[in-house]
$ cat run_17.cif   # mmCIF, C-alpha atoms and all ligand atoms
data_work
loop_
_atom_site.label_atom_id
_atom_site.label_comp_id
_atom_site.auth_asym_id
_atom_site.auth_seq_id
_atom_site.Cartn_x
_atom_site.Cartn_y
_atom_site.Cartn_z
CA MET A 264 -8.54 -7.53 16.77
CA LYS A 265 -4.81 -8.22 17.19
CA LYS A 266 -5.45 -11.97 17.45
CA LEU A 267 -7.56 -11.94 14.27
CA PHE A 268 -4.91 -9.95 12.38
CA SER A 269 -2.19 -12.31 13.57
CA LYS A 270 -4.13 -15.35 12.34
CA ILE A 271 -4.84 -13.64 9.01
CA ASN A 272 -1.16 -12.70 8.67
CA ASP A 273 -0.09 -16.33 9.33
CA ALA A 274 -2.58 -17.67 6.77
CA LEU A 275 -1.48 -15.13 4.16
CA ILE A 276 2.21 -15.91 4.71
CA LYS A 277 1.41 -19.59 4.32
CA HIS A 278 -0.30 -18.82 1.03
CA PHE A 279 1.77 -15.98 -0.49
CA GLY A 280 5.05 -16.24 1.47
CA VAL A 281 6.93 -13.49 3.35
CA PRO A 282 7.06 -10.39 1.14
CA GLU A 283 10.53 -9.02 0.46
CA ARG A 284 11.47 -5.46 1.29
CA ASN A 285 12.99 -3.30 -1.45
CA GLN A 286 16.29 -2.41 0.24
CA GLU A 287 17.23 0.23 -2.36
CA TYR A 288 14.10 2.19 -1.60
CA SER A 289 14.34 3.35 1.97
CA ASP A 290 15.21 7.06 2.06
CA PRO A 291 12.18 8.86 3.59
CA LEU A 292 12.00 11.52 0.88
CA ASP A 293 12.37 8.92 -1.89
CA VAL A 294 9.51 6.89 -0.39
CA LEU A 295 7.36 9.99 0.05
CA ILE A 296 7.73 10.98 -3.61
CA GLY A 297 7.43 7.34 -4.75
CA THR A 298 4.16 7.03 -2.84
CA ILE A 299 2.74 10.17 -4.46
CA LEU A 300 3.64 8.62 -7.84
CA SER A 301 1.91 5.35 -6.91
CA GLN A 302 -1.53 6.89 -6.33
CA ASN A 303 -4.23 5.47 -8.63
CA THR A 304 -1.89 3.43 -10.82
CA THR A 305 -0.23 0.02 -10.91
CA ASP A 306 3.01 -0.75 -9.05
CA ARG A 307 4.74 -1.37 -12.36
CA ASN A 308 3.78 2.02 -13.86
CA SER A 309 4.64 4.02 -10.76
CA TRP A 310 7.96 2.21 -10.28
CA GLN A 311 8.86 2.89 -13.91
CA ALA A 312 8.05 6.59 -13.43
CA TYR A 313 10.10 6.71 -10.21
CA GLN A 314 13.10 5.02 -11.81
CA ASN A 315 12.91 7.28 -14.86
CA LEU A 316 12.84 10.31 -12.58
CA LYS A 317 15.81 9.15 -10.48
CA GLU A 318 17.81 8.21 -13.56
CA LYS A 319 17.37 11.62 -15.20
CA PHE A 320 17.48 13.69 -12.00
CA PRO A 321 19.30 11.81 -9.21
CA GLU A 322 19.09 14.77 -6.82
CA TRP A 323 15.78 16.21 -5.57
CA GLU A 324 17.28 19.70 -5.97
CA GLN A 325 17.37 19.03 -9.74
CA VAL A 326 13.70 18.03 -9.71
CA LEU A 327 12.82 21.22 -7.84
CA SER A 328 14.24 23.28 -10.70
CA LEU A 329 11.84 21.68 -13.24
CA THR A 330 8.59 23.22 -14.40
CA PRO A 331 5.43 21.15 -13.75
CA GLN A 332 5.25 20.42 -17.50
CA GLU A 333 8.86 19.18 -17.63
CA LEU A 334 8.34 16.97 -14.60
CA ALA A 335 5.05 15.62 -16.00
CA GLN A 336 6.91 14.39 -19.11
CA VAL A 337 9.43 12.44 -17.01
CA ILE A 338 6.80 10.71 -14.86
CA LYS A 339 4.30 10.07 -17.64
CA SER A 340 3.98 6.31 -17.04
CA ALA A 341 2.46 7.06 -13.58
CA GLY A 342 -0.75 8.62 -14.97
CA LEU A 343 -2.48 11.76 -13.60
CA ILE A 344 0.81 13.42 -14.49
CA ASN A 345 -0.14 17.10 -14.11
CA GLN A 346 -1.70 16.49 -10.71
CA LYS A 347 1.27 14.40 -9.53
CA ALA A 348 3.90 16.79 -10.94
CA ASN A 349 2.29 19.71 -9.10
CA ALA A 350 1.94 17.69 -5.89
CA ILE A 351 5.62 16.63 -5.99
CA LEU A 352 6.87 20.16 -6.67
CA ASP A 353 4.64 21.57 -3.91
CA VAL A 354 5.98 19.07 -1.38
CA LEU A 355 9.61 19.63 -2.39
CA LYS A 356 9.18 23.42 -2.18
CA GLU A 357 7.54 23.18 1.25
CA ILE A 358 10.23 20.84 2.61
CA LYS A 359 12.94 23.21 1.36
CA ILE A 360 11.24 26.18 3.01
CA LYS A 361 10.61 24.36 6.32
CA ASN A 362 13.96 22.57 6.62
CA GLY A 363 16.32 24.57 4.43
CA GLU A 364 17.27 21.39 2.54
CA LEU A 365 15.66 18.53 0.63
CA ASN A 366 16.24 15.87 3.20
CA LEU A 367 13.91 14.12 5.64
CA ASP A 368 16.47 12.08 7.57
CA PHE A 369 15.68 13.94 10.79
CA ILE A 370 12.22 12.32 10.99
CA LYS A 371 13.90 8.99 11.82
CA ASP A 372 14.31 10.32 15.39
CA LEU A 373 10.66 11.36 15.80
CA SER A 374 7.81 9.34 17.31
CA ASP A 375 5.16 7.75 15.05
CA ASP A 376 2.63 10.48 15.91
CA GLU A 377 5.13 13.27 15.35
CA ILE A 378 5.98 11.85 11.93
CA LEU A 379 2.31 11.49 10.96
CA ASP A 380 1.61 15.08 12.06
CA TYR A 381 4.67 16.44 10.28
CA LEU A 382 4.14 14.66 6.96
CA THR A 383 0.41 15.31 6.79
CA SER A 384 1.09 19.02 7.30
CA PHE A 385 2.28 19.12 3.67
CA LYS A 386 -0.24 19.96 1.00
CA GLY A 387 -1.29 16.80 -0.85
CA VAL A 388 0.13 14.36 1.72
CA GLY A 389 -2.60 12.33 3.41
CA VAL A 390 -2.55 9.71 6.13
CA LYS A 391 -2.05 6.86 3.65
CA THR A 392 1.02 8.44 2.07
CA ALA A 393 2.48 9.32 5.48
CA SER A 394 1.89 5.79 6.78
CA CYS A 395 3.67 4.36 3.71
CA VAL A 396 6.75 6.40 4.68
CA LEU A 397 6.48 5.04 8.23
CA LEU A 398 6.22 1.44 7.01
CA PHE A 399 8.45 1.27 3.93
CA SER A 400 11.16 3.76 4.83
CA LEU A 401 11.30 3.81 8.62
CA LYS A 402 10.22 0.19 9.12
CA ARG A 403 7.69 1.18 11.79
CA ASN A 404 4.97 -1.37 12.49
CA PHE A 405 2.09 0.09 10.46
CA CYS A 406 -0.46 -1.11 7.95
CA PRO A 407 -1.29 1.72 5.49
CA VAL A 408 -4.96 1.57 4.51
CA ASP A 409 -6.02 2.21 0.92
CA THR A 410 -9.43 1.32 -0.53
CA HIS A 411 -8.40 -2.33 -1.02
CA VAL A 412 -7.05 -2.88 2.48
CA ASN A 413 -10.10 -1.04 3.83
CA ARG A 414 -12.48 -3.33 1.95
CA ILE A 415 -10.82 -6.49 3.27
CA ILE A 416 -10.51 -5.30 6.88
CA ASN A 417 -14.23 -4.47 6.81
CA ARG A 418 -15.21 -7.75 5.18
CA VAL A 419 -13.27 -9.94 7.58
CA GLY A 420 -14.97 -8.17 10.47
CA GLY A 421 -12.05 -6.14 11.84
CA VAL A 422 -13.88 -2.80 11.69
CA LYS A 423 -17.01 -1.12 10.35
CA SER A 424 -15.74 1.94 8.54
CA ALA A 425 -16.22 3.24 5.02
CA ALA A 426 -13.31 5.68 5.21
CA PRO A 427 -9.74 4.31 4.89
CA ASP A 428 -8.29 7.01 7.18
CA LYS A 429 -10.79 6.13 9.91
CA THR A 430 -9.98 2.44 9.51
CA PHE A 431 -6.28 3.26 9.79
CA ALA A 432 -6.93 5.08 13.08
CA LEU A 433 -8.99 2.15 14.40
CA ILE A 434 -6.46 -0.57 13.54
CA ARG A 435 -3.10 1.17 13.99
CA LYS A 436 -2.60 0.02 17.59
CA HIS A 437 -3.71 -3.53 16.79
CA ILE A 438 -1.12 -4.56 14.22
CA PRO A 439 0.78 -7.53 15.70
CA GLU A 440 4.43 -6.75 16.43
CA ASN A 441 6.73 -6.84 13.40
CA GLN A 442 3.89 -7.96 11.13
CA GLY A 443 2.91 -4.63 9.54
CA HIS A 444 4.91 -5.13 6.34
CA SER A 445 3.79 -8.68 5.59
CA PHE A 446 0.20 -7.95 6.68
CA HIS A 447 -0.14 -4.87 4.45
CA THR A 448 1.67 -6.30 1.42
CA ASN A 449 -0.14 -9.63 1.49
CA LEU A 450 -3.54 -7.93 2.00
CA LEU A 451 -2.88 -6.05 -1.26
CA LEU A 452 -2.19 -9.36 -3.02
CA LEU A 453 -5.33 -10.87 -1.50
CA GLY A 454 -7.37 -7.90 -2.71
CA ARG A 455 -6.08 -8.28 -6.26
CA GLN A 456 -6.37 -12.05 -6.51
CA TYR A 457 -9.31 -13.05 -4.30
CA CYS A 458 -11.05 -10.32 -2.32
CA ARG A 459 -11.91 -8.17 -5.33
CA PRO A 460 -14.49 -5.36 -5.01
CA GLN A 461 -17.01 -7.32 -7.11
CA LYS A 462 -17.42 -11.09 -7.01
CA PRO A 463 -14.72 -12.00 -4.47
CA ASP A 464 -13.43 -15.55 -4.94
CA CYS A 465 -14.36 -16.73 -1.45
CA ALA A 466 -14.29 -20.39 -2.46
CA ALA A 467 -10.53 -20.23 -3.07
CA CYS A 468 -9.66 -17.49 -0.54
CA PRO A 469 -6.84 -18.49 1.86
CA ILE A 470 -8.52 -16.71 4.80
CA GLU A 471 -12.10 -17.77 4.14
CA LYS A 472 -12.37 -19.57 7.49
CA LEU A 473 -11.34 -16.40 9.36
CA CYS A 474 -13.64 -14.06 7.41
CA LYS A 475 -17.05 -12.92 8.69
CA TYR A 476 -18.31 -11.32 5.45
CA LYS A 477 -22.02 -12.06 5.18
CA GLU A 478 -22.15 -11.90 1.39
CA LYS A 479 -19.38 -14.32 0.56
CA GLU A 480 -19.36 -15.38 -3.09
CA PHE A 481 -19.14 -19.07 -3.73
CA THR A 482 -20.14 -18.99 -7.39
CA ASN A 483 -16.73 -20.45 -8.35
CA LEU A 484 -17.40 -23.42 -6.10
CA ASN A 485 -19.75 -24.78 -8.73
CA LYS A 486 -16.86 -24.77 -11.20
CA TYR A 487 -14.64 -26.72 -8.77
CA LYS A 488 -17.42 -29.19 -7.98
CA PHE A 489 -18.05 -29.73 -11.68
CA ASN A 490 -14.31 -30.29 -12.33
CA ASP A 491 -14.12 -32.71 -9.40
CA PHE A 492 -17.09 -34.55 -10.86
CA LEU A 493 -15.33 -34.84 -14.24
CA LEU A 494 -12.22 -36.16 -12.49
CA LEU A 495 -14.26 -38.75 -10.63
CA GLU A 496 -15.83 -39.80 -13.88
CA LYS A 497 -12.40 -40.56 -15.31
CA LEU A 498 -11.33 -42.80 -12.39
S1 LIG B 1 -13.67 -14.99 2.20
FE1 LIG B 1 -14.33 -13.68 0.50
S2 LIG B 1 -14.91 -11.74 1.45
FE2 LIG B 1 -13.68 -12.85 2.94
S3 LIG B 1 -11.59 -12.15 2.65
FE3 LIG B 1 -11.82 -13.97 1.40
S4 LIG B 1 -12.44 -13.24 -0.64
FE4 LIG B 1 -12.76 -11.56 0.83
#
$ encode --input "run_17.cif" --output "structure tokens"
Amino acid sequence: MKKLFSKINDALIKHFGVPERNQEYSDPLDVLIGTILSQNTTDRNSWQAYQNLKEKFPEWEQVLSLTPQELAQVIKSAGLINQKANAILDVLKEIKIKNGELNLDFIKDLSDDEILDYLTSFKGVGVKTASCVLLFSLKRNFCPVDTHVNRIINRVGGVKSAAPDKTFALIRKHIPENQGHSFHTNLLLLGRQYCRPQKPDCAACPIEKLCKYKEKEFTNLNKYKFNDFLLLEKL
């Protein structure tokens, strides 16, 4: 599996480039809250909500003093605002009770498994959110698995698993060294642009030769063939 992932990673880098890391966004608690905001919405909307929140309330202690309704108003571009406001306040409260302060810096010294266990012990924090903290904040070599990454890993033949958390467990030891960030980020781009849930654009997909999906869609190929034919006609 590692060999396949490495080849896919190389092909995706060739196509999309090496994704940049957001250097301003690396504090573990910031990434944890940012990831909760990013659930079921676009990157743009969740980033806007996160920035709005940090601009109005730069300290997490200030956020903790808000009511769920007040917090919901500040993060409204993220969608599902009542659910997310409650989840954020619950996590902040629990961290304060467990650690005495709103700071997660101590997790930097823990092992990957200890961090996963610790973060998923909070209400509303699942494996995907915890693995985003491991990857984006702590720069550990992980590939968080959401529904899009899960779909692609299954289609290419990496695993057979309908559940993203199970897929994460199956692939976590097979991510090639130092490739977790590019692999994860470029898989998300692939899922948006080519390997869509319906009608994937297999004809133009940059990893088509590496993919074992039995139901590849080549409907767009007809379009390319037709265009090629028109070009030939003009020569
Ligand atoms: S070839 Fe098709 S199914 Fe396979 S990864 Fe590319 S778009 Fe997805």
$ residues_near_point --input "run_17.cif" --point "(1.9, -8.3, 19.3)" --cutoff "12 Å" --atoms "all atoms listed in the file" --output "list in words"
Met264, Lys265, Lys266, Leu267, Phe268, Ser269, Lys270, Asn272, Asn404, Arg435, Lys436, His437, Ile438, Pro439, Glu440, Asn441, Gln442 and Gly443 of chain A
$ closest_residue --input "run_17.cif" --among "A:Cys468, A:Leu343, A:Ile299, A:Ile276" --to "ligand LIG 1 (chain B)" --atoms "all atoms listed in the file"
A:Cys468
$ closest_residue --input "run_17.cif" --among "A:Ile360, A:Ile378, A:Gly297, A:Ala274" --to "ligand LIG 1 (chain B)" --atoms "only C-alpha atoms and all ligand atoms"
A:Ala274
$ residues_around --input "run_17.cif" --residues "A:His447" --least-positions-apart "2" --cutoff "8 Å" --atoms "all atoms listed in the file" --output "list in words"
Cys406, Pro407, Val412, Gly443, His444, Ser445, Asn449, Leu450 and Leu451 of chain A
$ residues_near_ligand --input "run_17.cif" --ligand "ligand LIG 1 (chain B)" --cutoff "7 Å" --atoms "all atoms listed in the file" --output "MDAnalysis selection string"
chainID A and resid 415 418:419 457:459 463:465 468:471 474:476 479:480
$ write_last_selection --input "run_17.cif" --atoms "C-alpha atoms" --output "PDB file, in the frame of the given file"
ATOM      1  CA  ILE A 415     -10.820  -6.490   3.270  1.00  0.00           C
ATOM      2  CA  ARG A 418     -15.210  -7.750   5.180  1.00  0.00           C
ATOM      3  CA  VAL A 419     -13.270  -9.940   7.580  1.00  0.00           C
ATOM      4  CA  TYR A 457      -9.310 -13.050  -4.300  1.00  0.00           C
ATOM      5  CA  CYS A 458     -11.050 -10.320  -2.320  1.00  0.00           C
ATOM      6  CA  ARG A 459     -11.910  -8.170  -5.330  1.00  0.00           C
ATOM      7  CA  PRO A 463     -14.720 -12.000  -4.470  1.00  0.00           C
ATOM      8  CA  ASP A 464     -13.430 -15.550  -4.940  1.00  0.00           C
ATOM      9  CA  CYS A 465     -14.360 -16.730  -1.450  1.00  0.00           C
ATOM     10  CA  CYS A 468      -9.660 -17.490  -0.540  1.00  0.00           C
ATOM     11  CA  PRO A 469      -6.840 -18.490   1.860  1.00  0.00           C
ATOM     12  CA  ILE A 470      -8.520 -16.710   4.800  1.00  0.00           C
ATOM     13  CA  GLU A 471     -12.100 -17.770   4.140  1.00  0.00           C
ATOM     14  CA  CYS A 474     -13.640 -14.060   7.410  1.00  0.00           C
ATOM     15  CA  LYS A 475     -17.050 -12.920   8.690  1.00  0.00           C
ATOM     16  CA  TYR A 476     -18.310 -11.320   5.450  1.00  0.00           C
ATOM     17  CA  LYS A 479     -19.380 -14.320   0.560  1.00  0.00           C
ATOM     18  CA  GLU A 480     -19.360 -15.380  -3.090  1.00  0.00           C
TER      19      GLU A 480
END
$ closest_residue --input "run_17.cif" --among "A:Thr448, A:Ser289, A:Ser340, A:Ser328" --to "A:Asn303" --atoms "all atoms listed in the file"
A:Ser340
$ residues_around --input "run_17.cif" --residues "A:Leu355" --least-positions-apart "5" --cutoff "9 Å" --atoms "only C-alpha atoms" --output "list in words"
Ile296, Trp323, Glu324, Val326, Leu327, Ala350, Ile360 and Leu365 of chain A
$ residues_around --input "run_17.cif" --residues "A:Tyr288" --least-positions-apart "2" --cutoff "12 Å" --atoms "all atoms listed in the file" --output "MDAnalysis selection string"
chainID A and resid 283:286 290:298 310 313:314 317 395:396 398:402
$ closest_residue --input "run_17.cif" --among "A:Thr482, A:Asn366, A:Ser374, A:Thr330" --to "A:Asp353" --atoms "all atoms listed in the file"
A:Thr330
$ closest_residue --input "run_17.cif" --among "A:Gly421, A:Glu322, A:Ala341, A:Asp306" --to "A:Glu364" --atoms "all atoms listed in the file"
A:Glu322
$ closest_residue --input "run_17.cif" --among "A:Leu397, A:Gly454, A:Val337, A:Lys361" --to "A:Phe385" --atoms "only C-alpha atoms"
A:Lys361
$ atom_distance --input "run_17.cif" --atom1 "atom CA of A:Arg414" --atom2 "atom CA of A:Gly342"
23.8 Å
$ residues_around --input "run_17.cif" --residues "A:Lys423" --least-positions-apart "6" --cutoff "10 Å" --atoms "only C-alpha atoms" --output "count of residues only"
7
$ atom_distance --input "run_17.cif" --atom1 "atom CA of A:Lys462" --atom2 "atom CA of A:Phe431"
24.7 Å
$ build_atoms --input "run_17.cif" --residues "stretch 355-366 of chain A" --atoms "all heavy atoms" --output "tab-separated table (two decimals), in the coordinates of the input"
chain	number	residue	atom	x	y	z
A	355	LEU	N	8.18	19.32	-2.42
A	355	LEU	CA	9.61	19.63	-2.39
A	355	LEU	C	9.84	21.09	-1.97
A	355	LEU	O	10.72	21.39	-1.16
A	355	LEU	CB	10.25	19.36	-3.76
A	355	LEU	CG	10.33	17.89	-4.19
A	355	LEU	CD1	10.92	17.76	-5.59
A	355	LEU	CD2	11.16	17.07	-3.20
A	356	LYS	N	9.04	22.00	-2.53
A	356	LYS	CA	9.18	23.42	-2.18
A	356	LYS	C	8.95	23.63	-0.69
A	356	LYS	O	9.70	24.31	-0.01
A	356	LYS	CB	8.14	24.25	-2.95
A	356	LYS	CG	8.66	24.78	-4.28
A	356	LYS	CD	7.57	25.60	-4.96
A	356	LYS	CE	7.60	25.30	-6.45
A	356	LYS	NZ	6.38	25.61	-7.16
A	357	GLU	N	7.88	23.01	-0.17
A	357	GLU	CA	7.54	23.18	1.25
A	357	GLU	C	8.63	22.61	2.16
A	357	GLU	O	8.96	23.21	3.17
A	357	GLU	CB	6.22	22.48	1.56
A	357	GLU	CG	5.01	23.38	1.42
A	357	GLU	CD	3.80	22.73	2.08
A	357	GLU	OE1	3.69	22.76	3.31
A	357	GLU	OE2	2.96	22.17	1.33
A	358	ILE	N	9.16	21.44	1.78
A	358	ILE	CA	10.23	20.84	2.61
A	358	ILE	C	11.44	21.76	2.62
A	358	ILE	O	12.05	22.00	3.66
A	358	ILE	CB	10.60	19.42	2.08
A	358	ILE	CG1	9.44	18.46	2.33
A	358	ILE	CG2	11.88	18.90	2.73
A	358	ILE	CD1	9.61	17.09	1.73
A	359	LYS	N	11.78	22.30	1.47
A	359	LYS	CA	12.94	23.21	1.36
A	359	LYS	C	12.72	24.45	2.24
A	359	LYS	O	13.63	24.88	2.95
A	359	LYS	CB	13.10	23.60	-0.10
A	359	LYS	CG	14.24	24.50	-0.41
A	359	LYS	CD	15.51	23.73	-0.69
A	359	LYS	CE	16.65	24.71	-0.84
A	359	LYS	NZ	17.69	24.30	-1.66
A	360	ILE	N	11.51	24.99	2.20
A	360	ILE	CA	11.24	26.18	3.01
A	360	ILE	C	11.31	25.85	4.51
A	360	ILE	O	11.93	26.53	5.29
A	360	ILE	CB	9.85	26.78	2.65
A	360	ILE	CG1	9.91	27.37	1.23
A	360	ILE	CG2	9.43	27.85	3.64
A	360	ILE	CD1	8.55	27.71	0.65
A	361	LYS	N	10.67	24.70	4.89
A	361	LYS	CA	10.61	24.36	6.32
A	361	LYS	C	11.96	23.94	6.88
A	361	LYS	O	12.30	24.25	8.02
A	361	LYS	CB	9.62	23.21	6.55
A	361	LYS	CG	8.18	23.69	6.65
A	361	LYS	CD	7.28	22.55	7.10
A	361	LYS	CE	5.84	23.01	7.10
A	361	LYS	NZ	4.89	21.94	7.33
A	362	ASN	N	12.73	23.17	6.09
A	362	ASN	CA	13.96	22.57	6.62
A	362	ASN	C	15.25	23.18	6.07
A	362	ASN	O	16.32	22.84	6.54
A	362	ASN	CB	14.01	21.06	6.33
A	362	ASN	CG	12.78	20.37	6.84
A	362	ASN	OD1	12.22	20.78	7.85
A	362	ASN	ND2	12.33	19.36	6.13
A	363	GLY	N	15.12	23.97	5.03
A	363	GLY	CA	16.32	24.57	4.43
A	363	GLY	C	17.05	23.63	3.50
A	363	GLY	O	18.01	23.99	2.84
A	364	GLU	N	16.65	22.36	3.46
A	364	GLU	CA	17.27	21.39	2.54
A	364	GLU	C	16.27	20.29	2.18
A	364	GLU	O	15.28	20.09	2.90
A	364	GLU	CB	18.52	20.77	3.17
A	364	GLU	CG	18.22	20.05	4.47
A	364	GLU	CD	19.40	19.32	5.06
A	364	GLU	OE1	20.42	19.17	4.37
A	364	GLU	OE2	19.27	18.86	6.21
A	365	LEU	N	16.58	19.60	1.07
A	365	LEU	CA	15.66	18.53	0.63
A	365	LEU	C	16.11	17.20	1.24
A	365	LEU	O	16.70	16.35	0.56
A	365	LEU	CB	15.61	18.47	-0.89
A	365	LEU	CG	14.89	19.65	-1.52
A	365	LEU	CD1	14.94	19.59	-3.05
A	365	LEU	CD2	13.43	19.70	-1.06
A	366	ASN	N	15.82	17.05	2.49
A	366	ASN	CA	16.24	15.87	3.20
A	366	ASN	C	15.27	15.65	4.37
A	366	ASN	O	14.95	16.58	5.09
A	366	ASN	CB	17.66	16.13	3.73
A	366	ASN	CG	18.28	14.89	4.32
A	366	ASN	OD1	17.62	14.12	5.00
A	366	ASN	ND2	19.56	14.69	4.05
